file my_file_2.tsv (TSV, C-alpha atoms)
chain	number	residue	atom	x	y	z
A	1	MET	CA	0.00	0.00	0.00
A	2	PHE	CA	2.81	2.41	0.89
A	3	ALA	CA	4.53	1.80	-2.46
A	4	TYR	CA	1.22	2.26	-4.23
A	5	ILE	CA	0.68	5.67	-2.59
A	6	THR	CA	4.26	6.69	-3.33
A	7	ASP	CA	3.70	5.96	-7.02
A	8	MET	CA	0.48	7.97	-7.00
A	9	LEU	CA	2.13	10.94	-5.33
A	10	ALA	CA	4.88	10.84	-7.93
A	11	ASP	CA	2.30	11.04	-10.71
A	12	GLU	CA	1.62	14.73	-11.37
A	13	ASP	CA	-1.69	13.91	-13.09
A	14	CYS	CA	-2.92	12.13	-9.94
A	15	MET	CA	-1.93	15.08	-7.77
A	16	ASP	CA	-4.09	17.32	-9.93
A	17	GLU	CA	-7.11	15.12	-9.18
A	18	PRO	CA	-7.30	14.53	-5.39
A	19	HIS	CA	-10.96	13.43	-5.60
A	20	SER	CA	-10.12	10.71	-8.11
A	21	MET	CA	-7.10	9.68	-6.04
A	22	ALA	CA	-9.26	9.36	-2.91
A	23	LEU	CA	-11.77	7.10	-4.67
A	24	THR	CA	-8.98	4.97	-6.16
A	25	LEU	CA	-7.45	4.46	-2.73
A	26	ALA	CA	-10.87	3.62	-1.26
A	27	GLU	CA	-11.20	0.78	-3.79
A	28	HIS	CA	-7.68	-0.57	-3.28
A	29	ASP	CA	-7.23	-4.05	-1.75
A	30	LYS	CA	-10.97	-4.61	-1.32
A	31	PRO	CA	-12.65	-5.92	0.78
A	32	ALA	CA	-10.01	-5.66	3.54
A	33	ASP	CA	-10.19	-2.69	5.90
A	34	LEU	CA	-7.84	0.15	5.11
A	35	PRO	CA	-5.25	1.23	7.71
A	36	ASP	CA	-5.96	4.38	9.70
A	37	TYR	CA	-3.36	6.48	7.89
A	38	ILE	CA	-5.05	5.71	4.56
A	39	ILE	CA	-8.46	6.58	6.00
A	40	ASP	CA	-7.06	9.92	7.19
A	41	PHE	CA	-5.40	10.54	3.83
A	42	ILE	CA	-8.60	9.82	1.89
A	43	THR	CA	-10.56	12.11	4.23
A	44	ASP	CA	-8.03	14.91	3.78
A	45	LEU	CA	-8.16	14.54	0.00
A	46	LEU	CA	-11.94	14.75	-0.09
A	47	GLU	CA	-12.04	17.61	2.41
A	48	SER	CA	-9.68	19.57	0.18
A	49	GLU	CA	-12.16	19.22	-2.69
A	50	ILE	CA	-15.13	19.98	-0.44
A	51	GLU	CA	-13.54	23.32	0.42
A	52	LYS	CA	-13.63	24.07	-3.33
A	53	GLY	CA	-17.37	23.32	-3.44
A	54	ASP	CA	-17.13	19.84	-5.05
A	55	ALA	CA	-20.60	18.31	-4.47
A	56	ASP	CA	-19.43	14.83	-5.52
A	57	ALA	CA	-16.68	14.88	-2.90
A	58	MET	CA	-19.24	15.90	-0.27
A	59	ASN	CA	-21.50	13.02	-1.25
A	60	ASP	CA	-18.68	10.48	-1.45
A	61	LEU	CA	-17.35	11.32	2.00
A	62	GLY	CA	-20.89	11.10	3.35
A	63	ALA	CA	-21.28	7.67	1.73
A	64	MET	CA	-18.10	6.40	3.40
A	65	TYR	CA	-19.44	7.39	6.80
A	66	TYR	CA	-22.86	5.94	5.96
A	67	ASP	CA	-21.49	2.53	4.95
A	68	GLY	CA	-18.83	2.45	7.64
A	69	HIS	CA	-16.76	-0.10	5.74
A	70	ARG	CA	-13.09	-0.23	4.68
A	71	GLY	CA	-12.19	1.05	8.16
A	72	PHE	CA	-14.31	4.19	8.18
A	73	GLY	CA	-16.22	4.48	11.43
A	74	GLN	CA	-19.93	4.39	10.67
A	75	SER	CA	-21.65	7.65	11.55
A	76	PHE	CA	-25.08	8.43	10.15
A	77	GLU	CA	-24.87	11.92	11.64
A	78	LYS	CA	-21.71	12.68	9.65
A	79	ALA	CA	-23.23	11.06	6.57
A	80	VAL	CA	-26.33	13.26	6.71
A	81	TYR	CA	-24.15	16.32	7.34
A	82	TYR	CA	-22.22	15.76	4.10
A	83	TYR	CA	-25.29	14.60	2.15
A	84	ASP	CA	-27.11	17.80	3.12
A	85	MET	CA	-24.13	19.84	2.04
A	86	ALA	CA	-23.94	18.02	-1.30
A	87	ALA	CA	-27.70	18.28	-1.89
A	88	VAL	CA	-27.52	22.05	-1.42
A	89	HIS	CA	-24.80	22.07	-4.08
A	90	GLY	CA	-27.10	20.20	-6.49
A	91	SER	CA	-26.08	16.54	-6.10
A	92	ARG	CA	-29.00	14.30	-7.12
A	93	GLN	CA	-27.17	11.29	-5.66
A	94	ALA	CA	-26.93	13.01	-2.30
A	95	GLN	CA	-30.67	13.74	-2.44
A	96	GLU	CA	-31.33	10.05	-3.03
A	97	ASN	CA	-29.04	9.18	-0.13
A	98	LEU	CA	-30.95	11.58	2.12
A	99	GLY	CA	-34.10	9.73	1.11
A	100	TYR	CA	-32.59	6.56	2.56
A	101	CYS	CA	-31.60	8.31	5.76
A	102	TYR	CA	-35.11	9.66	6.34
A	103	TYR	CA	-36.85	6.47	5.19
A	104	TYR	CA	-34.98	4.29	7.67
A	105	GLY	CA	-34.76	6.90	10.43
A	106	ARG	CA	-30.95	6.87	10.52
A	107	ILE	CA	-30.79	9.98	12.70
A	108	GLY	CA	-34.11	9.69	14.52
A	109	GLU	CA	-37.65	8.61	13.70
A	110	PRO	CA	-38.45	7.84	10.04
A	111	ASP	CA	-39.73	10.85	8.14
A	112	TYR	CA	-41.58	9.43	5.15
A	113	MET	CA	-42.63	12.80	3.80
A	114	LYS	CA	-39.00	13.91	3.46
A	115	ALA	CA	-38.02	10.47	2.18
A	116	PHE	CA	-40.65	10.60	-0.56
A	117	HIS	CA	-39.55	14.12	-1.49
A	118	TYR	CA	-35.91	13.13	-1.95
A	119	PHE	CA	-36.69	9.82	-3.67
A	120	ALA	CA	-39.00	11.63	-6.10
A	121	LEU	CA	-36.20	14.03	-7.03
A	122	GLY	CA	-33.93	11.09	-7.76
A	123	ALA	CA	-36.57	9.11	-9.65
A	124	PHE	CA	-37.40	12.05	-11.91
A	125	ASP	CA	-33.70	12.25	-12.72
A	126	GLY	CA	-33.51	8.58	-13.73
A	127	HIS	CA	-32.09	7.10	-10.52
A	128	LEU	CA	-33.47	3.54	-10.36
A	129	ILE	CA	-32.76	3.10	-6.67
A	130	SER	CA	-34.93	6.13	-5.97
A	131	LEU	CA	-37.61	4.67	-8.21
A	132	TYR	CA	-37.75	1.30	-6.48
A	133	LYS	CA	-37.84	3.04	-3.11
A	134	ILE	CA	-40.91	4.93	-4.34
A	135	GLY	CA	-42.29	1.47	-5.07
A	136	ASP	CA	-41.53	0.48	-1.48
A	137	MET	CA	-43.50	3.44	-0.23
A	138	TYR	CA	-46.55	2.39	-2.24
A	139	LEU	CA	-46.09	-1.23	-1.15
A	140	ASN	CA	-46.03	-0.31	2.53
A	141	GLY	CA	-48.29	2.73	2.49
A	142	HIS	CA	-45.63	5.11	3.75
A	143	TYR	CA	-46.72	8.73	3.18
A	144	VAL	CA	-48.73	7.63	0.11
A	145	LYS	CA	-51.84	5.42	0.07
A	146	LYS	CA	-50.92	1.74	0.04
A	147	ASN	CA	-51.17	0.35	-3.49
A	148	GLU	CA	-49.53	-3.05	-4.07
A	149	LYS	CA	-50.37	-3.10	-7.80
A	150	GLU	CA	-48.69	0.27	-8.26
A	151	ALA	CA	-45.62	-1.03	-6.43
A	152	PHE	CA	-45.53	-4.08	-8.73
A	153	ILE	CA	-45.73	-1.80	-11.78
A	154	ILE	CA	-42.93	0.42	-10.46
A	155	TYR	CA	-40.61	-2.52	-9.77
A	156	ASN	CA	-41.16	-3.85	-13.28
A	157	ARG	CA	-40.54	-0.38	-14.66
A	158	CYS	CA	-37.18	-0.48	-12.91
A	159	LEU	CA	-36.28	-3.68	-14.74
A	160	GLU	CA	-37.49	-2.29	-18.06
A	161	THR	CA	-35.20	0.72	-17.73
A	162	MET	CA	-32.32	-1.05	-15.97
A	163	THR	CA	-28.93	-0.11	-17.38
A	164	ASP	CA	-25.67	-2.02	-17.12
A	165	GLU	CA	-24.37	0.79	-14.93
A	166	ALA	CA	-27.31	0.63	-12.51
A	167	ALA	CA	-27.72	-3.17	-12.37
A	168	PRO	CA	-24.95	-3.87	-9.81
A	169	PHE	CA	-26.69	-1.56	-7.32
A	170	ALA	CA	-30.40	-1.79	-8.12
A	171	ALA	CA	-31.16	-5.12	-9.81
A	172	GLY	CA	-30.71	-7.34	-6.73
A	173	PRO	CA	-33.16	-5.49	-4.46
A	174	VAL	CA	-35.73	-5.16	-7.28
A	175	PHE	CA	-35.62	-8.86	-8.18
A	176	LEU	CA	-35.89	-9.72	-4.47
A	177	ARG	CA	-39.07	-7.68	-4.14
A	178	LEU	CA	-40.63	-9.16	-7.26
A	179	GLY	CA	-39.75	-12.68	-6.09
A	180	LYS	CA	-41.73	-12.12	-2.90
A	181	MET	CA	-44.65	-10.57	-4.76
A	182	TYR	CA	-44.92	-13.47	-7.20
A	183	LEU	CA	-44.54	-15.98	-4.36
A	184	ASN	CA	-47.33	-14.51	-2.24
A	185	GLY	CA	-49.56	-12.98	-4.88
A	186	ILE	CA	-48.89	-9.41	-3.77
A	187	GLY	CA	-49.98	-6.91	-6.40
A	188	THR	CA	-50.11	-9.68	-8.98
A	189	LYS	CA	-51.18	-13.30	-9.39
A	190	GLN	CA	-49.11	-16.01	-7.73
A	191	ASP	CA	-46.51	-17.32	-10.14
A	192	PHE	CA	-44.05	-19.69	-8.49
A	193	MET	CA	-41.85	-20.13	-11.56
A	194	ASN	CA	-41.41	-16.37	-11.96
A	195	SER	CA	-40.85	-16.14	-8.22
A	196	LEU	CA	-38.03	-18.68	-8.42
A	197	MET	CA	-36.42	-16.94	-11.37
A	198	CYS	CA	-36.58	-13.54	-9.64
A	199	TYR	CA	-35.08	-14.92	-6.44
A	200	GLN	CA	-32.27	-16.55	-8.44
A	201	ARG	CA	-31.46	-13.31	-10.21
A	202	ALA	CA	-31.63	-11.48	-6.88
A	203	GLU	CA	-29.13	-13.91	-5.36
A	204	TYR	CA	-26.67	-13.32	-8.19
A	205	PHE	CA	-26.69	-9.54	-7.88
A	206	LEU	CA	-26.89	-9.45	-4.08
A	207	TYR	CA	-24.01	-11.89	-3.72
A	208	ASN	CA	-21.85	-9.59	-5.83
A	209	MET	CA	-22.91	-6.61	-3.72
A	210	VAL	CA	-21.91	-8.36	-0.50
A	211	GLN	CA	-18.65	-9.54	-2.05
A	212	ASP	CA	-17.96	-5.93	-2.98
A	213	GLY	CA	-18.17	-4.91	0.67
A	214	LYS	CA	-21.83	-3.87	0.92
A	215	TYR	CA	-22.39	-6.04	3.98
A	216	MET	CA	-25.73	-4.42	4.84
A	217	TYR	CA	-27.23	-6.56	2.05
A	218	LYS	CA	-26.39	-9.86	3.76
A	219	LYS	CA	-29.95	-10.22	5.06
A	220	SER	CA	-31.32	-9.53	1.59
A	221	LEU	CA	-29.00	-12.19	0.16
A	222	LEU	CA	-30.25	-14.73	2.71
A	223	ALA	CA	-33.84	-13.75	1.88
A	224	ALA	CA	-33.15	-14.44	-1.80
A	225	ILE	CA	-31.72	-17.88	-0.98
A	226	ASN	CA	-34.59	-18.77	1.37
A	227	GLY	CA	-37.12	-17.45	-1.14
A	228	GLN	CA	-35.86	-19.89	-3.74
A	229	GLN	CA	-36.50	-22.79	-1.38
A	230	LYS	CA	-40.05	-21.61	-0.72
A	231	ALA	CA	-40.71	-21.19	-4.45
A	232	ARG	CA	-39.34	-24.68	-5.15
A	233	GLU	CA	-41.58	-26.15	-2.46
A	234	LYS	CA	-44.61	-24.50	-4.03
A	235	LEU	CA	-43.61	-25.74	-7.47
A	236	ALA	CA	-43.18	-29.28	-6.10
A	237	GLU	CA	-46.68	-29.16	-4.63
A	238	SER	CA	-48.07	-28.36	-8.06
A	239	ILE	CA	-46.67	-31.57	-9.55
A	240	THR	CA	-49.30	-34.33	-9.47
A	241	ASP	CA	-48.68	-37.80	-8.03
A	242	LYS	CA	-49.51	-39.42	-11.33
A	243	GLU	CA	-46.77	-41.47	-12.96
A	244	TRP	CA	-44.83	-39.86	-15.74
A	245	VAL	CA	-45.46	-41.36	-19.17
A	246	PHE	CA	-42.63	-41.33	-21.68
A	247	GLU	CA	-43.26	-41.90	-25.35

call {"tool": "encode", "arguments": {"input": "my_file_2.tsv", "output": "structure tokens"}}
result
Amino acid sequence: MFAYITDMLADEDCMDEPHSMALTLAEHDKPADLPDYIIDFITDLLESEIEKGDADAMNDLGAMYYDGHRGFGQSFEKAVYYYDMAAVHGSRQAQENLGYCYYYGRIGEPDYMKAFHYFALGAFDGHLISLYKIGDMYLNGHYVKKNEKEAFIIYNRCLETMTDEAAPFAAGPVFLRLGKMYLNGIGTKQDFMNSLMCYQRAEYFLYNMVQDGKYMYKKSLLAAINGQQKAREKLAESITDKEWVFE
């Protein structure tokens, strides 16, 4: 790691882009935690860009505190502080991140009105995570009137507009939700085969997310695995006891 940093510091192009350098260091040697001196160096690099009004640097530092991985101490208060700052400077991603903070009550009680506001801003700007969270709000009746069919439509809309860039972050949670809806007939007719396929796709994407250090999705990954078993059991029940006839 020390040699790697030395090479970066010797590269004049890298020194002209401290934000890019910070993100490169944050990805180095994943998923192991970074040593404290690297954490401090990354923070200093981002803070130097924040002082220049870089909204992306504000959001990225907030995200590191929100996730609390790679050795960063998790602090939702610090995350919201930097997200707020970035949102004021026009960062749509930061607005989406604030939606998460208010939806899950990261710094107090959930505030679904604020969550819907920030998710709507992101969804209108093409952020698929914001869009599926709007679906969650219709599914659960948070701030808006509960409408399971509308949630089902929104989740499918996410898949219809899914891009290769968004898939690693959004596809797993969306497939997981659709797997449960098909399994239990929520917002649509029960369809155990589609349920199984959605759970399988969810497992693939969620496994990659966890492997990439997003450990908060471990429960979702387990839900995708368990959902497959439930779907298989339902499919097995639909097979009659009659003997198979081969021609």

call {"tool": "residues_around", "arguments": {"input": "my_file_2.tsv", "residues": "Tyr81 (chain A)", "least_positions_apart": "3", "cutoff": "12 Å", "atoms": "all atoms listed in the file", "output": "ChimeraX atom specification"}}
result
/A:58-63,65-66,75-78,84-88,94,97-98,101,107

call {"tool": "write_last_selection", "arguments": {"input": "my_file_2.tsv", "atoms": "C-alpha atoms", "output": "PDB file, in the frame of the given file"}}
result
ATOM      1  CA  MET A  58     -19.240  15.900  -0.270  1.00  0.00           C
ATOM      2  CA  ASN A  59     -21.500  13.020  -1.250  1.00  0.00           C
ATOM      3  CA  ASP A  60     -18.680  10.480  -1.450  1.00  0.00           C
ATOM      4  CA  LEU A  61     -17.350  11.320   2.000  1.00  0.00           C
ATOM      5  CA  GLY A  62     -20.890  11.100   3.350  1.00  0.00           C
ATOM      6  CA  ALA A  63     -21.280   7.670   1.730  1.00  0.00           C
ATOM      7  CA  TYR A  65     -19.440   7.390   6.800  1.00  0.00           C
ATOM      8  CA  TYR A  66     -22.860   5.940   5.960  1.00  0.00           C
ATOM      9  CA  SER A  75     -21.650   7.650  11.550  1.00  0.00           C
ATOM     10  CA  PHE A  76     -25.080   8.430  10.150  1.00  0.00           C
ATOM     11  CA  GLU A  77     -24.870  11.920  11.640  1.00  0.00           C
ATOM     12  CA  LYS A  78     -21.710  12.680   9.650  1.00  0.00           C
ATOM     13  CA  ASP A  84     -27.110  17.800   3.120  1.00  0.00           C
ATOM     14  CA  MET A  85     -24.130  19.840   2.040  1.00  0.00           C
ATOM     15  CA  ALA A  86     -23.940  18.020  -1.300  1.00  0.00           C
ATOM     16  CA  ALA A  87     -27.700  18.280  -1.890  1.00  0.00           C
ATOM     17  CA  VAL A  88     -27.520  22.050  -1.420  1.00  0.00           C
ATOM     18  CA  ALA A  94     -26.930  13.010  -2.300  1.00  0.00           C
ATOM     19  CA  ASN A  97     -29.040   9.180  -0.130  1.00  0.00           C
ATOM     20  CA  LEU A  98     -30.950  11.580   2.120  1.00  0.00           C
ATOM     21  CA  CYS A 101     -31.600   8.310   5.760  1.00  0.00           C
ATOM     22  CA  ILE A 107     -30.790   9.980  12.700  1.00  0.00           C
TER      23      ILE A 107
END

call {"tool": "closest_residue", "arguments": {"input": "my_file_2.tsv", "among": "A:Arg92, A:Tyr37, A:Ala171, A:Arg106", "to": "Ala79 (chain A)", "atoms": "only C-alpha atoms"}}
result
A:Arg106

call {"tool": "residues_around", "arguments": {"input": "my_file_2.tsv", "residues": "region 48-56 of chain A", "least_positions_apart": "6", "cutoff": "7 Å", "atoms": "only C-alpha atoms", "output": "PyMOL selection string"}}
result
chain A and resi 19+86+89+91

call {"tool": "residues_near_point", "arguments": {"input": "my_file_2.tsv", "point": "(-38.4, 3.1, -13.3)", "cutoff": "9 Å", "atoms": "all atoms listed in the file", "output": "PyMOL selection string"}}
result
chain A and resi 123+126-132+153-162

call {"tool": "residues_around", "arguments": {"input": "my_file_2.tsv", "residues": "Val210 (chain A)", "least_positions_apart": "6", "cutoff": "10 Å", "atoms": "all atoms listed in the file", "output": "ChimeraX atom specification"}}
result
/A:31,216-221

call {"tool": "atom_distance", "arguments": {"input": "my_file_2.tsv", "atom1": "CA of Ala236 (chain A)", "atom2": "CA of Met181 (chain A)"}}
result
18.8 Å

call {"tool": "atom_distance", "arguments": {"input": "my_file_2.tsv", "atom1": "CA of Tyr118 (chain A)", "atom2": "CA of Tyr138 (chain A)"}}
result
15.1 Å

call {"tool": "atom_distance", "arguments": {"input": "my_file_2.tsv", "atom1": "CA of Met193 (chain A)", "atom2": "CA of Lys234 (chain A)"}}
result
9.1 Å

call {"tool": "closest_residue", "arguments": {"input": "my_file_2.tsv", "among": "A:Met21, A:Lys214, A:His142, A:Gly135", "to": "Leu178 (chain A)", "atoms": "all atoms listed in the file"}}
result
A:Gly135

call {"tool": "residues_near_point", "arguments": {"input": "my_file_2.tsv", "point": "(-35.3, 3.7, 4.4)", "cutoff": "9 Å", "atoms": "only C-alpha atoms", "output": "number ranges by chain"}}
result
A: 99-106, 110, 112, 115, 133

call {"tool": "axis_aligned_box", "arguments": {"input": "my_file_2.tsv", "around": "region 149-167 of chain A", "padding_each_side": "4 Å", "output": "AutoDock Vina command-line options"}}
result
--center_x -37.4 --center_y -1.6 --center_z -12.2 --size_x 34.0 --size_y 12.9 --size_z 19.6

call {"tool": "closest_residue", "arguments": {"input": "my_file_2.tsv", "among": "A:Asp191, A:Glu150, A:Glu203, A:Asp44", "to": "Arg232 (chain A)", "atoms": "only C-alpha atoms"}}
result
A:Asp191

call {"tool": "closest_residue", "arguments": {"input": "my_file_2.tsv", "among": "A:Ala151, A:Met197, A:Ala231, A:Met209", "to": "Ala170 (chain A)", "atoms": "all atoms listed in the file"}}
result
A:Met209

call {"tool": "closest_residue", "arguments": {"input": "my_file_2.tsv", "among": "A:Tyr182, A:Phe175, A:Phe169, A:Tyr82", "to": "Arg201 (chain A)", "atoms": "only C-alpha atoms"}}
result
A:Phe175

call {"tool": "closest_residue", "arguments": {"input": "my_file_2.tsv", "among": "A:Phe192, A:Tyr215, A:Tyr207, A:Phe72", "to": "Gly227 (chain A)", "atoms": "only C-alpha atoms"}}
result
A:Phe192

call {"tool": "residues_around", "arguments": {"input": "my_file_2.tsv", "residues": "Gln229 (chain A)", "least_positions_apart": "5", "cutoff": "10 Å", "atoms": "only C-alpha atoms", "output": "PyMOL selection string"}}
result
chain A and resi 196+199+223-224+234-235

call {"tool": "decode", "arguments": {"input": "my_file_2.tsv", "residues": "region 82-188 of chain A", "atoms": "C-alpha atoms", "output": "PDB file, in the first residue's frame"}}
result
ATOM      1  CA  TYR A  82     -22.215  15.760   4.102  1.00  0.00           C
ATOM      2  CA  TYR A  83     -25.288  14.600   2.148  1.00  0.00           C
ATOM      3  CA  ASP A  84     -27.105  17.798   3.121  1.00  0.00           C
ATOM      4  CA  MET A  85     -24.130  19.845   2.036  1.00  0.00           C
ATOM      5  CA  ALA A  86     -23.935  18.019  -1.301  1.00  0.00           C
ATOM      6  CA  ALA A  87     -27.697  18.282  -1.891  1.00  0.00           C
ATOM      7  CA  VAL A  88     -27.522  22.054  -1.419  1.00  0.00           C
ATOM      8  CA  HIS A  89     -24.805  22.067  -4.083  1.00  0.00           C
ATOM      9  CA  GLY A  90     -27.096  20.201  -6.494  1.00  0.00           C
ATOM     10  CA  SER A  91     -26.078  16.544  -6.099  1.00  0.00           C
ATOM     11  CA  ARG A  92     -28.996  14.305  -7.121  1.00  0.00           C
ATOM     12  CA  GLN A  93     -27.171  11.290  -5.656  1.00  0.00           C
ATOM     13  CA  ALA A  94     -26.931  13.014  -2.305  1.00  0.00           C
ATOM     14  CA  GLN A  95     -30.670  13.742  -2.436  1.00  0.00           C
ATOM     15  CA  GLU A  96     -31.331  10.052  -3.027  1.00  0.00           C
ATOM     16  CA  ASN A  97     -29.044   9.178  -0.130  1.00  0.00           C
ATOM     17  CA  LEU A  98     -30.947  11.576   2.124  1.00  0.00           C
ATOM     18  CA  GLY A  99     -34.104   9.728   1.108  1.00  0.00           C
ATOM     19  CA  TYR A 100     -32.586   6.561   2.557  1.00  0.00           C
ATOM     20  CA  CYS A 101     -31.595   8.312   5.757  1.00  0.00           C
ATOM     21  CA  TYR A 102     -35.106   9.658   6.339  1.00  0.00           C
ATOM     22  CA  TYR A 103     -36.850   6.467   5.185  1.00  0.00           C
ATOM     23  CA  TYR A 104     -34.979   4.290   7.673  1.00  0.00           C
ATOM     24  CA  GLY A 105     -34.757   6.905  10.428  1.00  0.00           C
ATOM     25  CA  ARG A 106     -30.954   6.868  10.518  1.00  0.00           C
ATOM     26  CA  ILE A 107     -30.789   9.981  12.699  1.00  0.00           C
ATOM     27  CA  GLY A 108     -34.115   9.694  14.521  1.00  0.00           C
ATOM     28  CA  GLU A 109     -37.647   8.608  13.705  1.00  0.00           C
ATOM     29  CA  PRO A 110     -38.451   7.843  10.037  1.00  0.00           C
ATOM     30  CA  ASP A 111     -39.727  10.850   8.137  1.00  0.00           C
ATOM     31  CA  TYR A 112     -41.575   9.432   5.145  1.00  0.00           C
ATOM     32  CA  MET A 113     -42.626  12.802   3.797  1.00  0.00           C
ATOM     33  CA  LYS A 114     -39.001  13.913   3.463  1.00  0.00           C
ATOM     34  CA  ALA A 115     -38.016  10.469   2.175  1.00  0.00           C
ATOM     35  CA  PHE A 116     -40.651  10.602  -0.564  1.00  0.00           C
ATOM     36  CA  HIS A 117     -39.551  14.121  -1.489  1.00  0.00           C
ATOM     37  CA  TYR A 118     -35.914  13.125  -1.952  1.00  0.00           C
ATOM     38  CA  PHE A 119     -36.691   9.818  -3.672  1.00  0.00           C
ATOM     39  CA  ALA A 120     -39.005  11.627  -6.097  1.00  0.00           C
ATOM     40  CA  LEU A 121     -36.201  14.026  -7.029  1.00  0.00           C
ATOM     41  CA  GLY A 122     -33.934  11.090  -7.760  1.00  0.00           C
ATOM     42  CA  ALA A 123     -36.573   9.105  -9.651  1.00  0.00           C
ATOM     43  CA  PHE A 124     -37.400  12.049 -11.906  1.00  0.00           C
ATOM     44  CA  ASP A 125     -33.696  12.253 -12.716  1.00  0.00           C
ATOM     45  CA  GLY A 126     -33.514   8.577 -13.729  1.00  0.00           C
ATOM     46  CA  HIS A 127     -32.090   7.096 -10.518  1.00  0.00           C
ATOM     47  CA  LEU A 128     -33.469   3.544 -10.362  1.00  0.00           C
ATOM     48  CA  ILE A 129     -32.757   3.099  -6.668  1.00  0.00           C
ATOM     49  CA  SER A 130     -34.927   6.129  -5.967  1.00  0.00           C
ATOM     50  CA  LEU A 131     -37.606   4.669  -8.213  1.00  0.00           C
ATOM     51  CA  TYR A 132     -37.755   1.298  -6.483  1.00  0.00           C
ATOM     52  CA  LYS A 133     -37.838   3.037  -3.105  1.00  0.00           C
ATOM     53  CA  ILE A 134     -40.908   4.932  -4.337  1.00  0.00           C
ATOM     54  CA  GLY A 135     -42.292   1.469  -5.074  1.00  0.00           C
ATOM     55  CA  ASP A 136     -41.530   0.476  -1.484  1.00  0.00           C
ATOM     56  CA  MET A 137     -43.499   3.435  -0.226  1.00  0.00           C
ATOM     57  CA  TYR A 138     -46.554   2.385  -2.245  1.00  0.00           C
ATOM     58  CA  LEU A 139     -46.086  -1.228  -1.149  1.00  0.00           C
ATOM     59  CA  ASN A 140     -46.031  -0.305   2.533  1.00  0.00           C
ATOM     60  CA  GLY A 141     -48.290   2.731   2.488  1.00  0.00           C
ATOM     61  CA  HIS A 142     -45.625   5.111   3.753  1.00  0.00           C
ATOM     62  CA  TYR A 143     -46.722   8.733   3.182  1.00  0.00           C
ATOM     63  CA  VAL A 144     -48.735   7.626   0.110  1.00  0.00           C
ATOM     64  CA  LYS A 145     -51.841   5.419   0.069  1.00  0.00           C
ATOM     65  CA  LYS A 146     -50.921   1.739   0.037  1.00  0.00           C
ATOM     66  CA  ASN A 147     -51.166   0.349  -3.495  1.00  0.00           C
ATOM     67  CA  GLU A 148     -49.532  -3.046  -4.075  1.00  0.00           C
ATOM     68  CA  LYS A 149     -50.372  -3.097  -7.796  1.00  0.00           C
ATOM     69  CA  GLU A 150     -48.692   0.267  -8.256  1.00  0.00           C
ATOM     70  CA  ALA A 151     -45.623  -1.031  -6.426  1.00  0.00           C
ATOM     71  CA  PHE A 152     -45.526  -4.080  -8.726  1.00  0.00           C
ATOM     72  CA  ILE A 153     -45.726  -1.802 -11.778  1.00  0.00           C
ATOM     73  CA  ILE A 154     -42.934   0.419 -10.461  1.00  0.00           C
ATOM     74  CA  TYR A 155     -40.611  -2.522  -9.769  1.00  0.00           C
ATOM     75  CA  ASN A 156     -41.161  -3.849 -13.277  1.00  0.00           C
ATOM     76  CA  ARG A 157     -40.538  -0.381 -14.655  1.00  0.00           C
ATOM     77  CA  CYS A 158     -37.181  -0.484 -12.906  1.00  0.00           C
ATOM     78  CA  LEU A 159     -36.279  -3.679 -14.742  1.00  0.00           C
ATOM     79  CA  GLU A 160     -37.490  -2.288 -18.064  1.00  0.00           C
ATOM     80  CA  THR A 161     -35.202   0.724 -17.732  1.00  0.00           C
ATOM     81  CA  MET A 162     -32.324  -1.050 -15.973  1.00  0.00           C
ATOM     82  CA  THR A 163     -28.932  -0.112 -17.384  1.00  0.00           C
ATOM     83  CA  ASP A 164     -25.667  -2.024 -17.121  1.00  0.00           C
ATOM     84  CA  GLU A 165     -24.370   0.792 -14.931  1.00  0.00           C
ATOM     85  CA  ALA A 166     -27.314   0.625 -12.513  1.00  0.00           C
ATOM     86  CA  ALA A 167     -27.720  -3.172 -12.369  1.00  0.00           C
ATOM     87  CA  PRO A 168     -24.951  -3.865  -9.812  1.00  0.00           C
ATOM     88  CA  PHE A 169     -26.689  -1.557  -7.316  1.00  0.00           C
ATOM     89  CA  ALA A 170     -30.400  -1.793  -8.121  1.00  0.00           C
ATOM     90  CA  ALA A 171     -31.162  -5.121  -9.810  1.00  0.00           C
ATOM     91  CA  GLY A 172     -30.715  -7.343  -6.734  1.00  0.00           C
ATOM     92  CA  PRO A 173     -33.165  -5.491  -4.463  1.00  0.00           C
ATOM     93  CA  VAL A 174     -35.726  -5.156  -7.283  1.00  0.00           C
ATOM     94  CA  PHE A 175     -35.620  -8.861  -8.181  1.00  0.00           C
ATOM     95  CA  LEU A 176     -35.887  -9.717  -4.471  1.00  0.00           C
ATOM     96  CA  ARG A 177     -39.071  -7.677  -4.137  1.00  0.00           C
ATOM     97  CA  LEU A 178     -40.627  -9.163  -7.256  1.00  0.00           C
ATOM     98  CA  GLY A 179     -39.746 -12.683  -6.092  1.00  0.00           C
ATOM     99  CA  LYS A 180     -41.726 -12.118  -2.899  1.00  0.00           C
ATOM    100  CA  MET A 181     -44.655 -10.570  -4.758  1.00  0.00           C
ATOM    101  CA  TYR A 182     -44.923 -13.475  -7.204  1.00  0.00           C
ATOM    102  CA  LEU A 183     -44.543 -15.982  -4.365  1.00  0.00           C
ATOM    103  CA  ASN A 184     -47.327 -14.505  -2.237  1.00  0.00           C
ATOM    104  CA  GLY A 185     -49.563 -12.976  -4.880  1.00  0.00           C
ATOM    105  CA  ILE A 186     -48.893  -9.413  -3.770  1.00  0.00           C
ATOM    106  CA  GLY A 187     -49.975  -6.908  -6.395  1.00  0.00           C
ATOM    107  CA  THR A 188     -50.106  -9.676  -8.984  1.00  0.00           C
TER     108      THR A 188
END
